[in-house]
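Structure file run-v9.txt (compact mmCIF, C-alpha atoms) is printed below.
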```txt
# COMPACT_ATOMS: atom_id res chain seq x y z
CA MET A 1 108.14 91.86 100.53
CA ASP A 2 111.43 90.48 99.30
CA ILE A 3 113.25 93.09 97.27
CA LYS A 4 115.71 91.39 94.94
CA SER A 5 117.68 94.33 93.63
CA SER A 6 119.53 97.07 95.39
CA HIS A 7 119.48 99.27 92.32
CA SER A 8 117.25 102.20 91.51
CA SER A 9 114.19 100.09 90.74
CA PRO A 10 112.94 97.74 93.46
CA VAL A 11 112.69 94.23 92.06
CA MET A 12 110.51 91.41 93.41
CA THR A 13 109.60 88.05 91.96
CA ASP A 14 106.08 87.66 90.60
CA SER A 15 104.52 86.01 87.56
CA PRO A 16 101.90 87.62 85.34
CA PRO A 17 100.75 86.19 82.03
CA ILE A 18 101.72 86.91 78.40
CA SER A 19 99.97 88.50 75.49
CA ASN A 20 100.32 87.25 71.92
CA SER A 21 100.31 90.77 70.54
CA ARG A 22 103.17 93.14 71.18
CA LEU A 23 100.89 95.71 72.71
CA THR A 24 97.40 94.96 73.97
CA ILE A 25 95.40 98.20 73.98
CA ARG A 26 93.00 98.63 76.86
CA GLN A 27 89.41 99.50 76.14
CA ASN A 28 86.44 100.98 77.91
CA ARG A 29 88.32 102.93 80.56
CA LEU A 30 86.03 104.43 83.13
CA PRO A 31 86.29 108.16 83.75
CA TYR A 32 87.70 108.96 87.14
CA SER A 33 88.73 111.89 89.26
CA SER A 34 92.47 111.95 89.90
CA ALA A 35 92.02 114.17 92.93
CA ALA A 36 89.35 111.94 94.38
CA ALA A 37 91.41 108.84 93.73
CA THR A 38 94.44 110.41 95.38
CA ALA A 39 92.39 111.32 98.42
CA LEU A 40 91.00 107.78 98.58
CA SER A 41 94.45 106.21 98.48
CA GLN A 42 95.91 108.58 101.05
CA ASN A 43 92.94 108.38 103.39
CA ASN A 44 93.02 104.60 103.38
CA ASN A 45 96.81 104.30 103.74
CA LEU A 46 97.29 102.37 100.52
CA PHE A 47 100.69 103.86 99.71
CA LEU A 48 103.56 101.42 100.21
CA THR A 49 106.95 102.85 101.05
CA VAL A 50 109.72 101.08 99.17
CA PRO A 51 113.35 102.14 99.79
CA ARG A 52 114.98 103.43 96.61
CA LYS A 53 118.61 104.19 96.07
CA LYS A 54 119.84 107.12 94.05
CA THR A 55 119.27 106.53 90.35
CA GLY A 56 122.19 105.65 88.15
CA ILE A 57 123.04 103.86 84.91
CA LEU A 58 122.56 100.10 85.05
CA ASP A 59 125.95 99.17 83.56
CA ASP A 60 126.19 95.60 84.77
CA VAL A 61 122.91 93.81 85.26
CA LYS A 62 124.64 90.70 86.57
CA SER A 63 126.31 92.60 89.39
CA THR A 64 123.01 93.98 90.65
CA GLY A 65 121.27 90.63 90.57
CA TRP A 66 118.82 91.43 87.78
CA LEU A 67 120.00 88.70 85.41
CA ASP A 68 120.21 86.13 88.20
CA ALA A 69 116.67 87.06 89.28
CA MET A 70 115.42 86.76 85.71
CA LYS A 71 116.95 83.29 85.43
CA SER A 72 115.79 82.07 88.83
CA SER A 73 112.22 83.22 88.20
CA SER A 74 112.23 81.51 84.79
CA PRO A 75 113.20 77.91 85.60
CA PRO A 76 113.82 75.51 82.72
CA PRO A 77 111.36 72.69 82.03
CA ALA A 78 111.70 69.47 84.01
CA ILE A 79 114.65 67.35 82.89
CA LEU A 80 113.49 64.41 80.76
CA ASN A 81 115.21 61.10 80.15
CA LYS A 82 115.73 59.53 76.74
CA ASP A 83 112.21 58.08 76.79
CA ASN A 84 110.77 61.57 77.38
CA ILE A 85 109.65 60.60 80.87
CA THR A 86 110.29 62.75 83.92
CA SER A 87 113.24 61.35 85.83
CA ASP A 88 112.64 59.02 88.76
CA THR A 89 114.59 61.42 90.94
CA SER A 90 112.21 64.26 90.17
CA ASP A 91 109.19 62.05 90.80
CA MET A 92 110.60 60.91 94.12
CA SER A 93 111.37 64.47 95.13
CA TYR A 94 107.83 65.55 94.28
CA ARG A 95 106.30 62.63 96.20
CA GLU A 96 108.37 63.47 99.27
CA TRP A 97 107.34 67.12 98.94
CA THR A 98 103.64 66.26 98.90
CA GLN A 99 103.97 63.71 101.68
CA LEU A 100 106.06 65.77 104.08
CA LYS A 101 105.20 69.42 103.41
CA TYR A 102 102.29 70.13 101.08
CA PRO A 103 99.83 67.21 100.91
CA SER A 104 97.70 66.80 97.81
CA ALA A 105 94.34 68.52 98.18
CA LEU A 106 92.83 65.53 96.37
CA THR A 107 94.18 62.74 98.56
CA THR A 108 93.43 64.77 101.70
CA PHE A 109 90.10 66.12 100.45
CA GLU A 110 88.05 64.45 103.19
CA LYS A 111 90.31 65.94 105.85
CA ILE A 112 89.96 69.43 104.33
CA MET A 113 86.19 69.10 104.18
CA SER A 114 86.04 67.94 107.78
CA PHE A 115 87.17 71.45 108.70
CA ALA A 116 84.52 72.89 106.37
CA LYS A 117 81.65 71.10 108.09
CA GLY A 118 79.10 73.67 109.23
CA LYS A 119 81.03 76.48 107.56
CA ARG A 120 80.49 78.64 104.50
CA VAL A 121 83.19 78.07 101.88
CA ALA A 122 84.46 80.99 99.79
CA LEU A 123 86.59 80.10 96.78
CA PHE A 124 89.35 82.17 95.16
CA LEU A 125 91.13 81.06 91.98
CA ASP A 126 94.11 82.29 89.99
CA TYR A 127 93.79 81.92 86.21
CA ASP A 128 97.04 81.20 84.33
CA GLY A 129 98.60 77.95 85.48
CA THR A 130 95.56 77.20 87.63
CA LEU A 131 92.48 77.16 85.42
CA SER A 132 94.47 77.08 82.18
CA PRO A 133 97.93 75.76 81.36
CA ILE A 134 100.97 77.98 80.96
CA VAL A 135 101.62 78.13 77.21
CA GLU A 136 104.15 79.78 74.92
CA GLU A 137 101.53 82.21 73.61
CA PRO A 138 99.23 82.86 76.56
CA ASP A 139 96.79 84.87 74.49
CA CYS A 140 95.77 81.34 73.51
CA ALA A 141 95.59 80.12 77.13
CA TYR A 142 91.87 79.46 76.97
CA MET A 143 90.36 77.30 79.67
CA SER A 144 88.80 74.07 78.44
CA SER A 145 85.05 73.73 78.23
CA ALA A 146 85.26 71.07 80.94
CA MET A 147 87.09 73.48 83.24
CA ARG A 148 84.57 76.24 82.51
CA THR A 149 81.75 73.88 83.45
CA ALA A 150 83.57 72.92 86.65
CA VAL A 151 83.99 76.59 87.63
CA GLN A 152 80.38 77.35 86.71
CA ASN A 153 79.12 74.48 88.84
CA VAL A 154 81.23 75.34 91.87
CA ALA A 155 80.01 78.97 91.68
CA LYS A 156 76.43 77.71 92.10
CA TYR A 157 77.27 76.61 95.63
CA PHE A 158 80.08 78.91 96.80
CA PRO A 159 80.93 82.58 96.22
CA THR A 160 83.75 82.35 93.67
CA ALA A 161 86.33 84.91 92.52
CA ILE A 162 89.06 84.88 89.88
CA ILE A 163 92.12 86.87 91.01
CA SER A 164 94.72 87.32 88.27
CA GLY A 165 97.65 89.44 87.18
CA ARG A 166 96.01 89.91 83.81
CA SER A 167 93.68 92.79 83.13
CA ARG A 168 90.17 92.18 84.40
CA ASP A 169 88.72 92.51 80.90
CA LYS A 170 91.10 89.85 79.56
CA VAL A 171 90.32 87.40 82.37
CA TYR A 172 86.60 87.93 81.86
CA GLU A 173 87.06 87.30 78.13
CA PHE A 174 88.80 84.00 78.87
CA VAL A 175 86.40 82.76 81.54
CA GLY A 176 83.13 84.17 80.23
CA LEU A 177 81.07 83.53 83.36
CA SER A 178 79.09 86.53 84.59
CA GLU A 179 78.25 85.01 87.97
CA LEU A 180 81.83 85.30 89.28
CA TYR A 181 83.75 88.07 91.01
CA TYR A 182 86.76 89.19 88.97
CA ALA A 183 89.91 90.85 90.30
CA GLY A 184 92.41 91.81 87.60
CA SER A 185 95.81 93.51 87.83
CA HIS A 186 96.70 91.49 90.96
CA GLY A 187 93.55 92.64 92.72
CA MET A 188 93.73 96.32 91.76
CA ASP A 189 90.62 96.10 89.56
CA ILE A 190 87.71 94.25 91.20
CA MET A 191 84.27 93.72 89.67
CA SER A 192 81.19 92.15 91.23
CA PRO A 193 78.67 90.01 89.38
CA ALA A 194 75.60 91.84 88.12
CA GLY A 195 73.18 92.43 90.94
CA GLU A 196 75.81 91.92 93.64
CA SER A 197 77.51 94.70 95.56
CA LEU A 198 81.00 95.46 96.84
CA ASN A 199 80.05 96.90 100.19
CA HIS A 200 83.07 97.85 102.28
CA GLU A 201 83.13 99.69 105.58
CA HIS A 202 86.09 101.94 104.73
CA LEU A 203 86.75 101.82 100.98
CA SER A 204 84.53 103.33 98.31
CA ARG A 205 83.57 101.78 94.99
CA THR A 206 82.00 102.94 91.73
CA VAL A 207 79.15 101.61 89.60
CA SER A 208 79.63 100.67 85.95
CA VAL A 209 77.77 98.69 83.29
CA ASN A 210 78.91 95.27 82.06
CA GLU A 211 78.75 93.77 78.57
CA GLN A 212 75.11 92.78 79.12
CA GLY A 213 74.15 96.33 80.08
CA LYS A 214 73.70 95.45 83.75
CA ASP A 215 75.02 97.41 86.69
CA VAL A 216 78.15 96.09 88.37
CA ASN A 217 80.28 97.41 91.21
CA LEU A 218 83.94 98.26 90.67
CA PHE A 219 86.75 98.84 93.14
CA GLN A 220 89.99 100.28 91.73
CA PRO A 221 92.43 101.46 94.43
CA ALA A 222 95.11 102.46 91.91
CA SER A 223 93.00 104.67 89.62
CA GLU A 224 95.19 107.71 90.13
CA PHE A 225 98.12 105.87 88.52
CA LEU A 226 96.44 105.33 85.14
CA PRO A 227 97.89 108.43 83.38
CA MET A 228 101.38 107.51 84.64
CA ILE A 229 100.99 103.88 83.56
CA ASP A 230 99.80 104.98 80.10
CA LYS A 231 102.90 107.14 79.71
CA VAL A 232 105.28 104.40 80.87
CA LEU A 233 103.52 101.87 78.63
CA CYS A 234 104.22 103.94 75.53
CA SER A 235 107.83 104.50 76.60
CA LEU A 236 108.40 100.79 77.14
CA VAL A 237 106.96 99.90 73.74
CA GLU A 238 109.23 102.43 72.08
CA SER A 239 112.37 101.53 74.03
CA THR A 240 112.12 97.77 73.46
CA LYS A 241 110.84 97.71 69.88
CA ASP A 242 114.26 96.78 68.46
CA ILE A 243 114.68 93.71 70.73
CA GLU A 244 113.41 90.67 68.90
CA GLY A 245 110.83 88.68 70.84
CA VAL A 246 109.93 91.31 73.45
CA LYS A 247 106.22 91.82 74.09
CA VAL A 248 104.73 94.61 76.15
CA GLU A 249 101.31 93.83 77.60
CA ASP A 250 98.91 96.39 78.99
CA ASN A 251 97.19 94.97 82.07
CA LYS A 252 95.51 98.28 82.89
CA PHE A 253 96.93 98.90 86.37
CA CYS A 254 100.22 97.17 85.64
CA ILE A 255 102.48 96.57 82.63
CA SER A 256 104.14 93.30 81.68
CA VAL A 257 107.31 93.11 79.60
CA HIS A 258 107.67 89.52 78.40
CA TYR A 259 111.00 88.05 77.34
CA ARG A 260 109.83 84.44 76.87
CA ASN A 261 110.73 84.60 73.16
CA VAL A 262 113.91 86.67 73.61
CA GLU A 263 117.30 84.99 73.28
CA GLU A 264 118.88 84.67 76.72
CA LYS A 265 121.93 86.66 75.61
CA ASN A 266 119.59 89.68 75.23
CA TRP A 267 117.90 89.41 78.63
CA THR A 268 120.40 91.88 80.07
CA LEU A 269 119.44 94.39 77.39
CA VAL A 270 115.75 93.97 78.20
CA ALA A 271 116.44 94.65 81.88
CA GLN A 272 118.50 97.73 81.05
CA ARG A 273 115.82 99.20 78.81
CA VAL A 274 113.08 98.63 81.39
CA ASP A 275 115.17 100.11 84.18
CA TYR A 276 116.00 103.16 82.07
CA VAL A 277 112.29 103.89 81.56
CA ILE A 278 111.01 103.39 85.09
CA ARG A 279 113.91 104.83 87.10
CA THR A 280 112.30 108.28 87.05
CA TYR A 281 109.01 106.96 88.43
CA PRO A 282 109.42 106.40 92.19
CA LYS A 283 105.73 105.51 92.53
CA LEU A 284 106.21 102.43 90.35
CA ARG A 285 107.96 99.18 91.28
CA LEU A 286 109.34 96.29 89.28
CA THR A 287 108.63 92.61 89.91
CA HIS A 288 109.92 89.41 88.31
CA GLY A 289 107.87 86.49 87.07
CA ARG A 290 108.29 83.56 84.73
CA LYS A 291 110.11 85.25 81.86
CA VAL A 292 108.35 88.54 82.52
CA LEU A 293 109.18 91.89 84.10
CA GLU A 294 106.19 93.69 85.55
CA ILE A 295 105.70 97.32 86.50
CA ARG A 296 103.14 98.06 89.20
CA PRO A 297 102.07 101.03 91.34
CA VAL A 298 103.75 101.32 94.72
CA ILE A 299 100.65 100.90 96.85
CA ASP A 300 99.94 98.55 99.72
CA TRP A 301 97.66 96.31 97.70
CA ASP A 302 98.09 92.75 96.46
CA LYS A 303 96.14 89.53 96.01
CA GLY A 304 96.01 89.04 99.76
CA LYS A 305 94.45 92.47 100.23
CA ALA A 306 91.99 91.65 97.44
CA VAL A 307 90.92 88.45 99.23
CA THR A 308 90.35 90.37 102.48
CA PHE A 309 88.42 93.08 100.62
CA LEU A 310 86.17 90.53 98.92
CA LEU A 311 85.51 88.64 102.14
CA GLU A 312 84.50 91.85 103.86
CA SER A 313 82.37 92.89 100.89
CA LEU A 314 80.60 89.53 101.04
CA GLY A 315 80.01 89.81 104.77
CA LEU A 316 82.36 86.87 105.38
CA ASN A 317 85.24 88.71 107.06
CA ASN A 318 86.42 87.61 110.51
CA CYS A 319 83.71 84.95 110.77
CA ASP A 320 84.31 81.68 112.56
CA ASP A 321 81.86 79.88 110.28
CA VAL A 322 83.68 80.76 107.04
CA LEU A 323 86.42 78.74 105.33
CA PRO A 324 88.19 80.61 102.49
CA ILE A 325 90.13 78.48 100.00
CA TYR A 326 92.60 80.02 97.55
CA VAL A 327 94.07 78.03 94.64
CA GLY A 328 97.00 79.49 92.70
CA ASP A 329 100.38 78.71 91.16
CA ASP A 330 102.22 82.03 91.18
CA ARG A 331 104.50 83.92 93.55
CA THR A 332 101.91 86.69 93.67
CA ASP A 333 99.45 84.16 95.08
CA GLU A 334 101.72 83.81 98.12
CA ASP A 335 100.27 87.07 99.50
CA ALA A 336 96.84 85.44 99.53
CA PHE A 337 98.19 82.18 100.98
CA LYS A 338 99.83 84.15 103.79
CA VAL A 339 96.63 86.07 104.58
CA LEU A 340 94.71 82.81 104.94
CA ARG A 341 97.47 81.15 106.94
CA ASP A 342 98.28 83.97 109.37
CA GLY A 343 95.34 86.37 109.27
CA PRO A 344 91.98 86.40 111.06
CA ASN A 345 90.26 84.91 107.99
CA HIS A 346 91.83 81.52 108.55
CA GLY A 347 91.59 79.28 105.52
CA TYR A 348 93.63 77.10 103.19
CA GLY A 349 95.96 78.00 100.37
CA VAL A 350 96.41 75.37 97.67
CA LEU A 351 99.58 75.68 95.59
CA VAL A 352 99.44 74.42 91.99
CA SER A 353 102.91 73.16 91.15
CA ALA A 354 104.54 70.16 89.47
CA VAL A 355 107.88 70.90 91.15
CA PRO A 356 108.72 71.15 94.86
CA LYS A 357 109.05 74.67 96.24
CA ASP A 358 108.43 76.56 99.45
CA SER A 359 105.07 78.23 99.92
CA ASN A 360 102.67 79.73 102.43
CA ALA A 361 100.04 77.29 101.19
CA PHE A 362 98.84 74.30 103.21
CA TYR A 363 98.08 71.93 100.35
CA SER A 364 99.06 71.32 96.73
CA LEU A 365 97.72 70.24 93.35
CA ARG A 366 99.97 69.23 90.49
CA ASP A 367 98.36 71.00 87.51
CA PRO A 368 95.08 72.45 86.14
CA SER A 369 93.67 68.97 85.56
CA GLU A 370 93.93 68.28 89.30
CA VAL A 371 92.41 71.70 89.99
CA MET A 372 89.40 70.68 87.92
CA GLU A 373 89.08 67.45 89.91
CA PHE A 374 89.26 69.43 93.14
CA LEU A 375 86.46 71.74 91.96
CA LYS A 376 84.32 68.76 90.99
CA SER A 377 84.95 67.24 94.42
CA LEU A 378 83.77 70.44 96.10
CA VAL A 379 80.51 70.28 94.16
CA THR A 380 80.00 66.60 94.97
CA TRP A 381 80.68 67.26 98.65
CA LYS A 382 78.21 70.14 98.76
CA ARG A 383 75.52 68.15 96.99
CA SER A 384 75.99 65.29 99.47
CA LEU A 385 75.00 67.62 102.29
CA ALA A 386 71.63 68.46 100.74
```

Output the file's structure in the form of structure tokens.
Amino acid sequence: MDIKSSHSSPVMTDSPPISNSRLTIRQNRLPYSSAAATALSQNNNLFLTVPRKKTGILDDVKSTGWLDAMKSSSPPPAILNKDNITSDTSDMSYREWTQLKYPSALTTFEKIMSFAKGKRVALFLDYDGTLSPIVEEPDCAYMSSAMRTAVQNVAKYFPTAIISGRSRDKVYEFVGLSELYYAGSHGMDIMSPAGESLNHEHLSRTVSVNEQGKDVNLFQPASEFLPMIDKVLCSLVESTKDIEGVKVEDNKFCISVHYRNVEEKNWTLVAQRVDYVIRTYPKLRLTHGRKVLEIRPVIDWDKGKAVTFLLESLGLNNCDDVLPIYVGDDRTDEDAFKVLRDGPNHGYGVLVSAVPKDSNAFYSLRDPSEVMEFLKSLVTWKRSLA
């Protein structure tokens, strides 16, 4: 993991979503045993050791790289010409990027499916920026009805999971399809569809009841951190309440501090306030995303681990006749891309991006509209085999 700051709080670049409300209150927490959760994490080696320097006052955010990281992880929109059309230079750069490094998953669809012949496909999807567009007020980032239909149809033929940085409850509210697997909080809160299990050889899970009153399986490797996250959440709300535009979002097992609507001259202040709160919590780490700072537990768990867990739970782990496909647009999705590129569960990562950038993915799609076309193509391909 690439730590971007040498200061008291480890900083990495990620991108969770935004909430329209200043503080989104979590609901329906499941009771848990802190002692049991601690034992589970320790027994399964989930703790991640992150070097931390001695705490101190963050006097100059620029000198420690915080402000630079905030700017680099929040790129400006594409430069437009006077006719409001993306510049030819940008278009040419993107075409070269897709031709030379990350081919379009649409234009190379037949090639991808040639590798899927005789194999079982498992599909993993990010939400924000993949199934829905990135918007100024992401509490309004609802997927279109056409996209929902596309996801629903693809789930009829392939096991399908949504893996997001948002809370699981929020993602489920947006998607509204009970036949999917959901992994919120970057994979730290996994729920099976009703009637399906999360069987894992080494990690335990709990049983809960969904909105329809049906039993579902849950896996939450960071349960022991909930009291700590609650405390930090309240502190962050209080410490940033005087900064206009700041929004603190509760994503259950992680916290997002959004500065999308904060004047850039106050970004330093946001970073200082966040650092001041979390510096006394060595079991929490800070990551950067697109105009967001995110606080997460320091455990060895990410979207890549969630993909591996789900594949094993589905009985698809380390199988030569399985082709996992992961579609996502965020830096946190890179963990999943890397698992599919380098791990035993060899598959394909598909990066959703309208601008050229380096990735562990094999293929690319430009935006959610192309994602929808890719999902439709999967369904058509599967139906053609019948």

Could you list, with a cut-off of 8 Å and counting all atoms listed in the file, the residues of segment 217-260 of chain A near segment 277-288 of chain A, each shown with its nearest atom pair and the distance in Å rounded to one decimal, rows sorted by chain and ascending number, as a Markdown table?
```
| residue | atom | partner | partner_atom | distance |
| --- | --- | --- | --- | --- |
| A:Val232 | CA | A:Val277 | CA | 7.1 |
| A:Ser235 | CA | A:Val277 | CA | 6.7 |
| A:Leu236 | CA | A:Val277 | CA | 6.7 |
| A:Ser239 | CA | A:Val277 | CA | 7.9 |
```

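Reported to one decimal place, the separation of atom CA of Tyr102 of chain A from atom CA of Ile325 of chain A is 14.8 Å.
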
request  = Counting all atoms listed in the file, figure out which residue out of A:Leu131, A:Leu269, A:Leu323, A:Leu375 gets nearest to Ile112 of chain A.
outcome  =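 Comparing A:Leu131, A:Leu269, A:Leu323, A:Leu375 against Ile112 of chain A, the winner is A:Leu323.
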
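Nearest residue to Arg290 of chain A among A:Ser313, A:Thr332, A:Ser178, A:Ser369 is A:Thr332, counting only C-alpha atoms.
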
I'd like the contact shell of Glu263 of chain A - 10 Å cut-off, all atoms listed in the file, skipping same-chain residues fewer than 5 positions apart - returned as a PDB file with C-alpha atoms, in the coordinates of the input.
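Full text of result.pdb as output:
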```pdb
ATOM      1  CA  ILE A 243     114.680  93.710  70.730  1.00  0.00           C
ATOM      2  CA  GLU A 244     113.410  90.670  68.900  1.00  0.00           C
ATOM      3  CA  GLY A 245     110.830  88.680  70.840  1.00  0.00           C
ATOM      4  CA  VAL A 246     109.930  91.310  73.450  1.00  0.00           C
TER       5      VAL A 246
END
```

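Here atom CA of Tyr348 of chain A and atom CA of Arg168 of chain A stand 24.3 Å from one another.
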
message = I'd like the neighbourhood of Glu373 of chain A as a list in words, where a residue qualifies if any of its atoms comes within 9 Å (using all atoms listed in the file), though same-chain residues fewer than 5 positions away should be ignored.
response =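 Counting all atoms listed in the file, the residues come to Leu106, Ala150, Pro368 and Leu378 of chain A.
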
I need the chosen residues saved as a short mmCIF file (atom, residue, chain, number, x, y, z; two decimals), keeping the file's coordinate frame, with C-alpha atoms.
```cif
data_model
loop_
_atom_site.label_atom_id
_atom_site.label_comp_id
_atom_site.auth_asym_id
_atom_site.auth_seq_id
_atom_site.Cartn_x
_atom_site.Cartn_y
_atom_site.Cartn_z
CA LEU A 106 92.83 65.53 96.37
CA ALA A 150 83.57 72.92 86.65
CA PRO A 368 95.08 72.45 86.14
CA LEU A 378 83.77 70.44 96.10
#
```

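For the atom pair formed by atom CA of Lys247 of chain A and atom CA of Tyr326 of chain A, the distance is 29.6 Å, given to one decimal.
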
key: Spatial neighbours of Ile229 of chain A, max dist 12 Å, all atoms listed in the file, sep filter under 2 positions, as a ChimeraX atom specification   = /A:26,222-227,231-236,249-256,277-278,281,283-285,294-298

task = Pull the neighbourhood of (93.0, 91.1, 100.7) for me: all residues within 12 Å in file coordinates, counting all atoms listed in the file, as a ChimeraX atom specification.
result = /A:124,163,183,186-188,190,300-313,317,324,326,333-340,343-345

request  = Go ahead and find all residues with at least one atom no further than 12 Å from (86.0, 83.1, 83.2) in the file's coordinates, using all atoms listed in the file; report them as JSON, numbers by chain.
outcome  = {"A": [125, 126, 127, 128, 131, 132, 141, 142, 143, 144, 145, 147, 148, 149, 150, 151, 152, 155, 160, 161, 162, 163, 164, 168, 169, 170, 171, 172, 173, 174, 175, 176, 177, 178, 179, 180, 181, 182, 183, 184, 193]}

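Closest approach to Arg273 of chain A among A:Ser167, A:Asn261, A:Thr107, A:Thr240 is made by A:Thr240 (distances from only C-alpha atoms).
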
query = Given the choices A:Phe374, A:Trp97, A:Phe115, A:Trp381, which gets closest to Lys357 of chain A if the distance is worked out from only C-alpha atoms?
reply =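 Looking only at the distances to Lys357 of chain A, the closest residue turns out to be A:Trp97.
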